[in-house]
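Undergrad: Following this line is final24.csv, made up of CSV, C-alpha atoms and all ligand atoms:
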chain,number,residue,atom,x,y,z
A,16,MET,CA,25.7,-2.8,9.3
A,17,TYR,CA,23.3,-2.4,6.4
A,18,VAL,CA,19.6,-2.2,7.2
A,19,TYR,CA,16.9,-2.1,4.6
A,20,ALA,CA,13.9,-0.6,6.3
A,21,ASP,CA,11.8,0.6,3.3
A,22,ASN,CA,9.7,-2.5,2.5
A,23,ALA,CA,6.6,-0.5,1.9
A,24,ALA,CA,8.4,1.0,-1.1
A,25,THR,CA,9.5,-2.3,-2.4
A,26,THR,CA,10.8,-5.7,-1.2
A,27,ALA,CA,13.7,-8.0,-2.2
A,28,VAL,CA,12.6,-10.9,-4.5
A,29,SER,CA,12.6,-14.0,-2.3
A,30,LYS,CA,14.5,-17.2,-3.2
A,31,THR,CA,11.1,-19.0,-3.6
A,32,ALA,CA,9.9,-16.4,-6.1
A,33,LEU,CA,13.2,-16.4,-8.0
A,34,ASP,CA,13.1,-20.2,-8.2
A,35,ALA,CA,9.6,-20.0,-9.7
A,36,MET,CA,10.6,-17.4,-12.2
A,37,MET,CA,13.7,-19.0,-13.6
A,38,PRO,CA,12.0,-21.9,-15.6
A,39,CYS,CA,9.8,-19.4,-17.4
A,40,LEU,CA,12.9,-17.6,-18.6
A,41,THR,CA,14.8,-20.8,-19.7
A,42,GLU,CA,13.2,-24.1,-20.7
A,43,CYS,CA,9.5,-23.0,-20.4
A,44,TYR,CA,9.6,-19.9,-22.5
A,45,GLY,CA,6.4,-20.7,-24.6
A,46,ASN,CA,3.6,-18.3,-25.1
A,47,PRO,CA,0.6,-19.5,-23.1
A,48,SER,CA,-1.7,-18.7,-26.1
A,49,SER,CA,0.2,-21.2,-28.3
A,50,LEU,CA,-1.2,-24.6,-29.0
A,51,TYR,CA,2.0,-26.7,-29.0
A,52,ALA,CA,3.4,-28.4,-26.0
A,53,ILE,CA,5.8,-25.7,-24.8
A,54,GLY,CA,3.0,-23.1,-25.0
A,55,GLN,CA,0.6,-25.3,-23.2
A,56,ARG,CA,3.1,-25.9,-20.4
A,57,ALA,CA,3.2,-22.1,-19.9
A,58,ALA,CA,-0.6,-22.0,-20.0
A,59,GLU,CA,-0.7,-24.6,-17.2
A,60,LYS,CA,1.7,-22.5,-15.1
A,61,LEU,CA,-0.5,-19.5,-15.7
A,62,ALA,CA,-3.5,-21.4,-14.5
A,63,GLU,CA,-1.7,-22.6,-11.4
A,64,ALA,CA,-0.6,-19.0,-10.6
A,65,ARG,CA,-4.1,-17.8,-11.0
A,66,SER,CA,-5.4,-20.5,-8.7
A,67,VAL,CA,-2.9,-19.5,-6.0
A,68,PHE,CA,-4.3,-16.0,-5.9
A,69,ALA,CA,-7.9,-17.3,-6.0
A,70,GLN,CA,-7.2,-19.7,-3.1
A,71,TYR,CA,-5.7,-17.2,-0.7
A,72,LEU,CA,-8.1,-14.4,-1.5
A,73,HIS,CA,-11.1,-16.8,-1.2
A,74,ALA,CA,-12.0,-16.0,-4.8
A,75,GLN,CA,-12.7,-18.0,-8.0
A,76,THR,CA,-10.0,-18.3,-10.7
A,77,GLY,CA,-12.2,-16.6,-13.2
A,78,GLU,CA,-12.2,-13.5,-10.9
A,79,ILE,CA,-8.4,-13.0,-11.1
A,80,THR,CA,-6.8,-10.8,-13.8
A,81,PHE,CA,-3.1,-10.2,-14.0
A,82,THR,CA,-1.9,-6.7,-14.6
A,83,SER,CA,1.4,-4.8,-14.8
A,84,GLY,CA,1.2,-3.8,-11.2
A,85,GLY,CA,-0.9,-2.3,-8.4
A,86,SER,CA,-1.3,1.0,-10.2
A,87,GLU,CA,-2.8,-0.6,-13.3
A,88,ALA,CA,-5.1,-2.7,-11.1
A,89,ASP,CA,-6.3,0.4,-9.3
A,90,ASN,CA,-6.9,2.3,-12.6
A,91,GLN,CA,-8.9,-0.6,-14.1
A,92,ALA,CA,-11.0,-1.2,-11.0
A,93,ILE,CA,-12.1,2.4,-10.7
A,94,LEU,CA,-12.6,2.9,-14.4
A,95,SER,CA,-14.7,-0.3,-14.6
A,96,ALA,CA,-16.9,0.6,-11.7
A,97,GLY,CA,-17.4,4.1,-13.1
A,98,MET,CA,-18.5,2.7,-16.5
A,99,ILE,CA,-20.9,0.3,-14.8
A,100,GLY,CA,-22.3,3.2,-12.7
A,101,ALA,CA,-22.6,5.6,-15.6
A,102,LYS,CA,-24.9,3.1,-17.5
A,103,GLU,CA,-27.3,3.3,-14.6
A,104,GLY,CA,-26.9,7.1,-14.3
A,105,LYS,CA,-24.9,6.8,-11.1
A,106,LYS,CA,-21.8,9.0,-11.3
A,107,HIS,CA,-20.8,9.6,-7.6
A,108,ILE,CA,-17.7,7.9,-6.2
A,109,ILE,CA,-16.6,7.9,-2.5
A,110,SER,CA,-12.9,7.5,-1.5
A,111,THR,CA,-10.5,8.9,1.1
A,112,LYS,CA,-8.0,11.7,1.3
A,113,PHE,CA,-5.1,9.3,2.1
A,114,GLU,CA,-5.3,6.9,-0.9
A,115,HIS,CA,-2.3,6.1,-3.0
A,116,HIS,CA,-1.8,8.4,-6.1
A,117,ALA,CA,-2.8,5.4,-8.3
A,118,VAL,CA,-6.3,5.9,-6.9
A,119,LEU,CA,-6.3,9.6,-6.3
A,120,HIS,CA,-5.1,10.5,-9.8
A,121,THR,CA,-7.5,8.0,-11.4
A,122,LEU,CA,-10.3,9.7,-9.4
A,123,ARG,CA,-9.2,13.0,-10.9
A,124,ARG,CA,-9.6,11.5,-14.3
A,125,MET,CA,-13.0,10.3,-13.4
A,126,GLU,CA,-13.9,13.9,-12.4
A,127,ARG,CA,-12.8,15.0,-15.9
A,128,LEU,CA,-15.1,12.3,-17.3
A,129,GLY,CA,-18.1,13.9,-15.4
A,130,PHE,CA,-18.1,11.9,-12.2
A,131,GLU,CA,-18.4,13.6,-8.8
A,132,VAL,CA,-15.9,12.4,-6.1
A,133,THR,CA,-16.3,12.7,-2.3
A,134,LEU,CA,-13.0,12.2,-0.5
A,135,LEU,CA,-13.5,11.2,3.2
A,136,ASP,CA,-11.5,13.0,5.9
A,137,ILE,CA,-9.0,11.0,7.8
A,138,PRO,CA,-9.7,10.7,11.6
A,139,GLU,CA,-7.0,11.5,14.1
A,140,ASN,CA,-5.9,7.9,14.4
A,141,GLY,CA,-5.6,7.4,10.7
A,142,VAL,CA,-8.4,4.8,10.5
A,143,VAL,CA,-11.4,5.5,8.3
A,144,THR,CA,-14.7,4.2,9.8
A,145,ALA,CA,-17.6,2.3,8.2
A,146,GLU,CA,-19.9,5.0,9.6
A,147,GLN,CA,-18.1,7.7,7.6
A,148,VAL,CA,-18.7,5.6,4.5
A,149,ARG,CA,-22.3,5.0,5.3
A,150,ARG,CA,-23.0,8.7,5.8
A,151,ALA,CA,-21.4,9.6,2.5
A,152,ILE,CA,-23.4,7.1,0.3
A,153,ARG,CA,-26.0,8.7,-1.9
A,154,PRO,CA,-28.6,7.2,-4.3
A,155,ASP,CA,-26.2,8.0,-7.2
A,156,THR,CA,-23.1,6.5,-5.6
A,157,CYS,CA,-21.6,3.8,-7.9
A,158,LEU,CA,-18.3,3.0,-6.1
A,159,VAL,CA,-16.6,3.2,-2.7
A,160,SER,CA,-12.8,2.8,-2.9
A,161,VAL,CA,-11.0,2.6,0.5
A,162,MET,CA,-7.5,1.3,0.9
A,163,PHE,CA,-7.0,-1.8,3.1
A,164,ALA,CA,-3.8,-0.5,4.7
A,165,ASN,CA,-2.2,2.9,4.2
A,166,ASN,CA,1.3,2.8,2.5
A,167,GLU,CA,2.7,5.6,4.6
A,168,ILE,CA,1.3,5.3,8.1
A,169,GLY,CA,0.3,1.6,7.9
A,170,THR,CA,-3.1,2.0,9.4
A,171,VAL,CA,-5.6,-0.8,8.7
A,172,GLN,CA,-9.2,0.1,7.8
A,173,PRO,CA,-12.2,-2.0,9.0
A,174,ILE,CA,-12.6,-3.5,5.5
A,175,ALA,CA,-15.2,-6.1,6.5
A,176,GLU,CA,-17.4,-3.4,8.1
A,177,ILE,CA,-17.1,-1.1,5.1
A,178,GLY,CA,-17.8,-3.9,2.8
A,179,ALA,CA,-21.0,-4.8,4.7
A,180,VAL,CA,-22.1,-1.2,4.4
A,181,CYS,CA,-21.5,-1.1,0.7
A,182,ALA,CA,-23.2,-4.5,0.1
A,183,GLN,CA,-26.3,-3.3,2.0
A,184,ALA,CA,-26.4,-0.1,0.0
A,185,GLY,CA,-25.9,-2.0,-3.3
A,186,VAL,CA,-22.7,0.0,-4.1
A,187,LEU,CA,-19.5,-1.6,-5.6
A,188,PHE,CA,-16.6,-1.7,-3.1
A,189,HIS,CA,-13.0,-1.6,-4.3
A,190,THR,CA,-10.0,-1.8,-1.9
A,191,ASP,CA,-6.4,-1.1,-2.8
A,192,ALA,CA,-4.9,-3.9,-0.8
A,193,VAL,CA,-1.3,-3.5,-2.1
A,194,GLN,CA,0.1,-3.0,1.4
A,195,ALA,CA,-2.1,-5.6,3.0
A,196,ALA,CA,-1.7,-8.5,0.6
A,197,GLY,CA,0.6,-11.1,2.0
A,198,HIS,CA,0.7,-9.3,5.4
A,199,LEU,CA,-2.9,-9.5,6.6
A,200,PRO,CA,-5.6,-12.1,6.0
A,201,ILE,CA,-7.9,-11.2,3.1
A,202,ASP,CA,-11.3,-12.9,2.4
A,203,VAL,CA,-13.1,-11.2,-0.4
A,204,GLN,CA,-16.3,-13.2,0.4
A,205,ALA,CA,-16.4,-12.5,4.1
A,206,MET,CA,-15.3,-8.9,3.6
A,207,HIS,CA,-17.8,-8.2,0.8
A,208,ILE,CA,-15.1,-6.9,-1.5
A,209,ASP,CA,-16.1,-6.5,-5.2
A,210,LEU,CA,-12.8,-5.3,-6.6
A,211,LEU,CA,-9.3,-5.6,-5.1
A,212,SER,CA,-5.8,-4.6,-6.2
A,213,LEU,CA,-2.5,-6.1,-5.1
A,214,SER,CA,1.1,-5.8,-6.3
A,215,ALA,CA,3.8,-8.6,-6.2
A,216,HIS,CA,6.8,-6.4,-5.3
A,217,LYS,CA,5.3,-5.5,-2.0
A,218,PHE,CA,5.5,-9.1,-0.8
A,219,HIS,CA,8.8,-10.3,-2.1
A,220,GLY,CA,7.6,-10.9,-5.7
A,221,PRO,CA,9.0,-9.2,-8.7
A,222,LYS,CA,8.2,-5.6,-9.8
A,223,GLY,CA,5.7,-5.1,-12.7
A,224,VAL,CA,3.1,-7.7,-11.7
A,225,GLY,CA,-0.3,-6.9,-10.1
A,226,VAL,CA,-3.6,-8.6,-9.6
A,227,LEU,CA,-7.1,-7.3,-10.0
A,228,TYR,CA,-9.7,-9.4,-8.4
A,229,ALA,CA,-13.2,-8.6,-9.7
A,230,ARG,CA,-16.3,-10.4,-8.4
A,231,LYS,CA,-18.0,-12.6,-11.0
A,232,GLY,CA,-20.5,-10.6,-13.0
A,233,ILE,CA,-18.6,-7.3,-12.8
A,234,ALA,CA,-17.8,-6.2,-16.3
A,235,LEU,CA,-14.2,-4.9,-16.5
A,236,THR,CA,-13.3,-2.1,-18.9
A,237,ASN,CA,-10.0,-2.6,-20.7
A,238,VAL,CA,-7.2,-0.2,-19.9
A,239,ILE,CA,-4.9,-2.0,-22.4
A,240,GLU,CA,-6.6,-3.0,-25.7
A,241,GLY,CA,-5.3,-5.7,-28.0
A,242,GLY,CA,-5.3,-9.5,-27.9
A,243,ALA,CA,-7.7,-11.8,-26.0
A,244,GLN,CA,-5.4,-12.6,-23.1
A,245,GLU,CA,-6.9,-12.5,-19.6
A,246,ARG,CA,-10.4,-13.3,-20.9
A,247,GLY,CA,-10.1,-10.2,-23.2
A,248,LYS,CA,-9.9,-7.9,-20.2
A,249,ARG,CA,-6.2,-7.2,-20.3
A,250,ALA,CA,-4.4,-7.5,-23.6
A,251,GLY,CA,-0.7,-8.3,-24.0
A,252,THR,CA,1.3,-11.5,-23.7
A,253,GLU,CA,1.4,-12.5,-20.1
A,254,ASN,CA,4.5,-11.7,-18.0
A,255,MET,CA,5.0,-15.3,-17.3
A,256,PRO,CA,8.2,-15.1,-15.1
A,257,GLY,CA,6.6,-12.2,-13.2
A,258,ILE,CA,3.3,-14.0,-12.7
A,259,CYS,CA,4.9,-17.2,-11.6
A,260,GLY,CA,7.2,-15.4,-9.2
A,261,ALA,CA,4.3,-13.4,-7.8
A,262,ALA,CA,2.2,-16.5,-7.1
A,263,ALA,CA,5.1,-18.3,-5.4
A,264,ALA,CA,5.8,-15.2,-3.3
A,265,PHE,CA,2.1,-14.7,-2.4
A,266,ARG,CA,1.7,-18.4,-1.3
A,267,GLU,CA,4.8,-18.1,0.8
A,268,ALA,CA,3.7,-14.8,2.4
A,269,CYS,CA,0.2,-16.2,3.2
A,270,LEU,CA,1.6,-19.5,4.7
A,271,HIS,CA,4.0,-17.6,7.0
A,272,MET,CA,1.7,-14.6,7.7
A,273,ASP,CA,1.2,-15.4,11.4
A,274,GLU,CA,4.8,-16.1,12.3
A,275,ASN,CA,6.0,-13.0,10.3
A,276,ALA,CA,3.6,-10.8,12.3
A,277,ALA,CA,4.7,-12.4,15.5
A,278,HIS,CA,8.3,-11.5,14.6
A,279,LEU,CA,7.5,-8.0,13.4
A,280,ILE,CA,5.1,-6.6,15.9
A,281,PRO,CA,7.5,-6.6,18.8
A,282,LEU,CA,10.2,-4.9,16.6
A,283,ARG,CA,7.6,-2.3,15.4
A,284,ASP,CA,6.4,-1.6,19.0
A,285,LYS,CA,9.9,-1.3,20.4
A,286,LEU,CA,10.8,1.2,17.7
A,287,LEU,CA,7.6,3.2,18.2
A,288,THR,CA,8.0,3.2,21.9
A,289,GLU,CA,11.6,4.2,22.0
A,290,LEU,CA,11.5,6.7,19.1
A,291,SER,CA,8.5,8.5,20.5
A,292,LYS,CA,10.6,9.2,23.6
A,293,ILE,CA,12.5,11.7,21.5
A,294,PRO,CA,11.1,15.1,22.7
A,295,HIS,CA,8.7,16.8,20.3
A,296,SER,CA,8.0,13.7,18.3
A,297,ILE,CA,4.6,12.1,17.5
A,298,ILE,CA,3.6,8.7,16.2
A,299,ASN,CA,1.5,8.9,13.0
A,300,GLY,CA,-1.4,6.6,12.9
A,301,ASP,CA,-3.0,4.2,15.4
A,302,ARG,CA,-0.5,2.2,17.4
A,303,VAL,CA,-2.4,-1.1,17.2
A,304,LYS,CA,-4.5,-0.9,14.0
A,305,ARG,CA,-1.4,-0.8,11.8
A,306,LEU,CA,0.6,-3.1,9.7
A,307,PRO,CA,3.0,-5.4,11.6
A,308,GLY,CA,6.1,-3.8,10.1
A,309,ASN,CA,5.2,-0.1,9.9
A,310,VAL,CA,6.8,2.6,12.0
A,311,ASN,CA,6.0,6.3,11.2
A,312,LEU,CA,6.7,9.3,13.3
A,313,CYS,CA,7.2,13.1,12.9
A,314,PHE,CA,10.1,14.9,14.6
A,315,GLU,CA,9.6,18.7,15.0
A,316,GLY,CA,12.3,20.9,13.7
A,317,VAL,CA,13.8,18.3,11.5
A,318,GLU,CA,13.9,18.1,7.7
A,319,GLY,CA,12.9,14.6,6.6
A,320,GLU,CA,15.1,14.5,3.6
A,321,SER,CA,18.2,15.4,5.7
A,322,MET,CA,17.3,12.7,8.1
A,323,LEU,CA,17.2,10.2,5.2
A,324,LEU,CA,20.6,11.2,3.9
A,325,LEU,CA,22.2,10.9,7.4
A,326,LEU,CA,20.6,7.5,7.9
A,327,ASP,CA,21.9,6.4,4.5
A,328,GLU,CA,25.4,7.4,5.6
A,329,LYS,CA,24.9,5.0,8.5
A,330,GLY,CA,23.7,2.2,6.2
A,331,ILE,CA,20.0,2.6,6.9
A,332,SER,CA,17.5,2.8,4.0
A,333,ALA,CA,14.3,4.5,5.1
A,334,SER,CA,11.7,6.8,3.7
A,335,SER,CA,10.0,10.1,4.5
A,336,GLY,CA,6.6,10.7,3.0
A,337,SER,CA,5.9,8.7,-0.1
A,338,ALA,CA,8.5,7.8,-2.7
A,339,CYS,CA,6.3,9.2,-5.4
A,340,THR,CA,6.4,12.7,-3.9
A,341,SER,CA,10.1,12.8,-3.1
A,342,GLY,CA,11.7,15.2,-5.4
A,343,SER,CA,8.9,17.7,-4.8
A,344,LEU,CA,8.8,20.0,-1.8
A,345,ASP,CA,5.2,19.2,-1.0
A,346,PRO,CA,4.8,17.3,2.3
A,347,SER,CA,3.0,14.0,2.2
A,348,HIS,CA,-0.8,14.3,1.4
A,349,VAL,CA,-1.3,11.5,3.9
A,350,LEU,CA,0.3,13.3,6.8
A,351,LEU,CA,-1.6,16.5,5.9
A,352,ALA,CA,-4.8,14.5,5.8
A,353,LEU,CA,-4.0,13.2,9.2
A,354,GLY,CA,-3.9,16.8,10.4
A,355,ARG,CA,-0.2,17.3,10.7
A,356,PRO,CA,0.8,21.0,10.1
A,357,HIS,CA,3.1,21.5,7.0
A,358,GLU,CA,6.3,22.0,9.0
A,359,VAL,CA,5.6,18.9,11.2
A,360,ALA,CA,4.8,16.8,8.1
A,361,HIS,CA,8.1,17.7,6.6
A,362,GLY,CA,9.9,16.0,9.5
A,363,SER,CA,8.4,12.5,9.0
A,364,LEU,CA,10.2,9.2,9.0
A,365,ARG,CA,8.9,5.9,7.8
A,366,LEU,CA,10.6,2.7,8.7
A,367,THR,CA,9.0,-0.4,7.1
A,368,LEU,CA,10.3,-3.8,8.2
A,369,CYS,CA,10.0,-7.3,6.8
A,370,GLU,CA,10.5,-10.7,8.2
A,371,THR,CA,14.2,-10.8,7.5
A,372,ASN,CA,14.9,-7.6,9.6
A,373,THR,CA,16.3,-8.5,13.0
A,374,ALA,CA,16.1,-7.3,16.6
A,375,GLU,CA,19.8,-6.3,16.2
A,376,GLU,CA,18.9,-4.1,13.2
A,377,ALA,CA,16.1,-2.4,15.2
A,378,ASP,CA,18.6,-1.8,18.0
A,379,TYR,CA,21.1,-0.3,15.5
A,380,ILE,CA,18.4,2.1,14.2
A,381,LEU,CA,17.7,3.1,17.8
A,382,SER,CA,21.4,3.6,18.5
A,383,VAL,CA,21.8,6.1,15.6
A,384,LEU,CA,18.5,7.9,15.1
A,385,PRO,CA,18.3,10.1,18.3
A,386,GLY,CA,21.8,11.4,17.5
A,387,ILE,CA,20.8,12.3,14.0
A,388,VAL,CA,17.7,14.2,15.2
A,389,ASP,CA,19.8,16.1,17.8
A,390,TYR,CA,22.4,16.9,15.2
A,391,LEU,CA,19.8,18.3,12.7
A,392,ARG,CA,18.0,20.3,15.4
A,393,ASP,CA,21.3,21.8,16.5
A,394,MET,CA,21.8,23.1,12.9
A,395,SER,CA,18.2,24.2,12.4
A,396,PRO,CA,17.3,27.9,12.6
A,397,VAL,CA,13.7,26.8,13.0
A,398,TRP,CA,14.6,24.7,16.1
A,399,ASP,CA,16.5,27.6,17.5
A,400,GLU,CA,13.4,29.8,17.3
A,401,LEU,CA,11.3,27.0,18.8
A,402,GLU,CA,13.7,26.6,21.7
A,403,HIS,CA,13.8,30.4,22.3
A,404,GLY,CA,10.0,30.8,22.3
A,405,GLN,CA,10.0,32.9,19.1
A,406,ARG,CA,7.9,30.1,17.5
A,407,LYS,CA,5.4,27.8,19.1
A,408,HIS,CA,5.9,24.1,19.4
A,409,GLN,CA,3.2,22.2,17.5
A,410,ILE,CA,4.0,18.8,19.0
B,501,LIG,C1,3.0,0.4,-4.2
B,501,LIG,C2,1.6,0.8,-4.1
B,501,LIG,C3,0.8,0.9,-5.3
B,501,LIG,C4,1.4,0.8,-6.7
B,501,LIG,O1,1.8,-0.5,-7.0
B,501,LIG,P1,2.8,-0.7,-8.2
B,501,LIG,O2,2.8,-2.2,-8.4
B,501,LIG,O3,4.1,-0.1,-7.8
B,501,LIG,O4,2.2,0.0,-9.4
B,501,LIG,C5,-0.6,1.2,-5.1
B,501,LIG,N1,-1.1,1.3,-3.9
B,501,LIG,C6,-0.4,1.2,-2.8
B,501,LIG,C7,-1.1,1.3,-1.5
B,501,LIG,C8,1.0,0.9,-2.9
B,501,LIG,O5,1.7,0.8,-1.7
So, in terms of structure tokens, how does the structure I just supplied come out?
Ligand SMILES: *Cc1c(COP(=O)(O)O)cnc(C)c1O
TA:
Amino acid sequence: MYVYADNAATTAVSKTALDAMMPCLTECYGNPSSLYAIGQRAAEKLAEARSVFAQYLHAQTGEITFTSGGSEADNQAILSAGMIGAKEGKKHIISTKFEHHAVLHTLRRMERLGFEVTLLDIPENGVVTAEQVRRAIRPDTCLVSVMFANNEIGTVQPIAEIGAVCAQAGVLFHTDAVQAAGHLPIDVQAMHIDLLSLSAHKFHGPKGVGVLYARKGIALTNVIEGGAQERGKRAGTENMPGICGAAAAFREACLHMDENAAHLIPLRDKLLTELSKIPHSIINGDRVKRLPGNVNLCFEGVEGESMLLLLDEKGISASSGSACTSGSLDPSHVLLALGRPHEVAHGSLRLTLCETNTAEEADYILSVLPGIVDYLRDMSPVWDELEHGQRKHQI
């Protein structure tokens, strides 16, 4: 059996998305900036794709900018809000310790540009509160950036409450909604969201396509300079196959959101319940306020990387920490922010399911994982010390 359980890293392109992409690669290859018919047909497709995102985000079409992915959208959102703030002498930004690196590294750049950044601590359950945000806001705060759902532990923030706090304080609010888009309802009006990033390859669209929503009146700063595409805010000939695939995938995900969640939540909960019965294991993040397909636990005395290799031998693709940090020996910054000690954070496992994963696949994971944990513990000198009381159990 093969089980792909790493949908937070990327997803398979759906048939619907592929069908929407193909015509852009074949008969409808025109440049949407060209005046002749084949170019104008592409321009119509571009407008249609934009209206799909506007519709399901409750935005206007003029508020949607296509980018090369979630990372670029995050960069542009933060840079733009910073430039707006700087004009008013406001150079303080609030974010959190468990953001994606696309946000955290952009914030580091902002610091080099003279901004001051406050990163909020992550509470025990992995859910940032609106009260934390409210307390951190200062007269010189220009931006609050809090992710909608965390990519590692899947926890979902109270975005509408945080948005209301920001709106009341007159501070711009950005949310990295890459993990939430297509999986949770998003309403930029009701949630008081000023800037939002999403990425197509996290909801069965193609890689290399993102969306930046920016509320009307917010002046975007270009990250890519050049032609006048995207109202002059993002230069470069539009990635037409990617954009059309992204829109088709987004529509499909939004239309089937409830039934997908109804399918995934029981699978997620069964995995969390059964895997947390393994001795000296702990669930990472709130059990309820989490994405429908996210399972994340730490197993003490186990090396995450070794677990992944053994799972791979059994035909299961999973993840430990974030893909961006694999290859380095540092444990996940998200698990450290959650308060997991280094050694415990190293033994993390993330399983992220999508609607095509089945109950049989979840059972298959449950049939092999406890054996893998036992096997690795048997070989581990650290586990030996833990078992013989020479080292204290931390979980
Ligand atoms: C994947 C991801 C990104 C980056 O999106 P890309 O399209 O891969 O650049 C940003 N933020 C979060 C939360 C993600 O999961």
Undergrad: All residues within 10 Å of ligand LIG 501 (chain B) are required, counting only C-alpha atoms and all ligand atoms; please report them as an NGL selection string.
TA: :A and (22-25 or 82-90 or 113-118 or 162-167 or 169 or 190-195 or 212-217 or 221-226 or 337-339)
Undergrad: Set the distance at 12 Å and use all atoms listed in the file: which residues neighbour Gly104 in chain A once local chain neighbours fewer than 5 positions away are removed? I'd like the list as a ChimeraX atom specification.
TA: /A:97-99,129-130,154-157
Undergrad: Within 10 Å of Pro356 in chain A, counting only C-alpha atoms, which residues show up once you throw out same-chain ones fewer than 6 positions away? Write them as a PyMOL selection string, please.
TA: chain A and resi 346+350+409-410
Undergrad: I'd like to know which of A:His348, A:Arg230, A:Lys329, A:Lys304 is closest to Thr111 in chain A, using all atoms listed in the file.
TA: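 Looking only at the distances to Thr111 in chain A, the closest residue turns out to be A:His348.
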Undergrad: Could you state the separation of CA of Pro256 in chain A and CA of Ala52 in chain A in Å, given to one decimal place?
TA: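 It comes out at 17.9 Å.
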Undergrad: Find the residues around Leu364 in chain A up to 7 Å (all atoms listed in the file counted), leave out those fewer than 5 positions away in its own chain, and share them as a PyMOL selection string.
TA: chain A and resi 311-313+319+334-335
Undergrad: Write out, as a PDB file, in the frame of the given file, the residues just selected, with C-alpha atoms.
TA:
ATOM      1  CA  ASN A 311       6.000   6.300  11.200  1.00  0.00           C
ATOM      2  CA  LEU A 312       6.700   9.300  13.300  1.00  0.00           C
ATOM      3  CA  CYS A 313       7.200  13.100  12.900  1.00  0.00           C
ATOM      4  CA  GLY A 319      12.900  14.600   6.600  1.00  0.00           C
ATOM      5  CA  SER A 334      11.700   6.800   3.700  1.00  0.00           C
ATOM      6  CA  SER A 335      10.000  10.100   4.500  1.00  0.00           C
TER       7      SER A 335
END
Undergrad: Can you pull out the residues contacting range 196-210 of chain A? Cut-off 7 Å, using only C-alpha atoms, and skip same-chain residues under 2 positions away; I want them as a list in words.
TA: Leu72, His73, Ala74, Ala92, Ile174, Ala175, Gly178, Ala179, Ala182, Leu187, Phe188, His189, Thr190, Ala192, Val193, Gln194, Leu213, Phe218, Leu227, Tyr228, Ala229, Arg230, Phe265, Ala268, Cys269 and Met272 of chain A
Undergrad: Could you please determine the separation between CA of Ser95 in chain A and CA of Pro47 in chain A in Å, to one decimal place?
TA: 26.0 Å
Undergrad: Hey, can you check how far CA of Ala27 in chain A sits from CA of Ser160 in chain A?
TA: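 So the two atoms, CA of Ala27 in chain A and CA of Ser160 in chain A, lie 28.6 Å apart.
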Undergrad: Tell me which protein, DNA and RNA residues are within 10 Å of Leu282 in chain A, counting only C-alpha atoms, leaving out same-chain ones fewer than 6 positions away, and put them as a list in words.
TA: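 The filter keeps Ala276, Thr288, Pro307, Gly308, Asn309, Val310, Leu368, Asn372, Thr373, Ala374, Glu375, Glu376, Ala377 and Asp378 of chain A.
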Undergrad: Rank A:Leu353, A:Val359, A:Ala250, A:Ile239 by their smallest atom-to-atom distance to Gly316 in chain A, using all atoms listed in the file, and report the top residue only.
TA: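 Among the listed residues, the smallest separation from Gly316 in chain A belongs to A:Val359.
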Undergrad: Rank nothing, just name the residue among A:Ile298, A:Leu211, A:Ala333, A:Val18 nearest to Phe68 in chain A, using all atoms listed in the file.
TA: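 Comparing A:Ile298, A:Leu211, A:Ala333, A:Val18 against Phe68 in chain A, the winner is A:Leu211.
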Undergrad: N, CA, C and O atoms are what I want for range 107-113 of chain A; can you complete it accordingly and write them as a compact mmCIF listing (two decimals), in the frame of the given file?
TA:
# COMPACT_ATOMS: atom_id res chain seq x y z
N HIS A 107 -21.40 9.05 -8.87
CA HIS A 107 -20.80 9.60 -7.60
C HIS A 107 -19.87 8.48 -7.05
O HIS A 107 -20.27 7.32 -6.94
N ILE A 108 -18.65 8.88 -6.74
CA ILE A 108 -17.70 7.90 -6.20
C ILE A 108 -17.19 8.45 -4.84
O ILE A 108 -16.92 9.64 -4.67
N ILE A 109 -17.07 7.51 -3.88
CA ILE A 109 -16.60 7.90 -2.50
C ILE A 109 -15.18 7.22 -2.36
O ILE A 109 -14.99 6.03 -2.66
N SER A 110 -14.23 8.02 -1.88
CA SER A 110 -12.90 7.50 -1.50
C SER A 110 -12.38 8.24 -0.35
O SER A 110 -13.16 8.87 0.37
N THR A 111 -11.09 8.21 -0.11
CA THR A 111 -10.50 8.90 1.10
C THR A 111 -9.38 9.79 0.66
O THR A 111 -8.78 9.63 -0.40
N LYS A 112 -9.04 10.70 1.57
CA LYS A 112 -8.00 11.70 1.30
C LYS A 112 -6.59 11.04 1.36
O LYS A 112 -5.62 11.69 0.96
N PHE A 113 -6.46 9.85 1.92
CA PHE A 113 -5.10 9.30 2.10
C PHE A 113 -4.81 8.11 1.15
O PHE A 113 -3.88 7.35 1.41
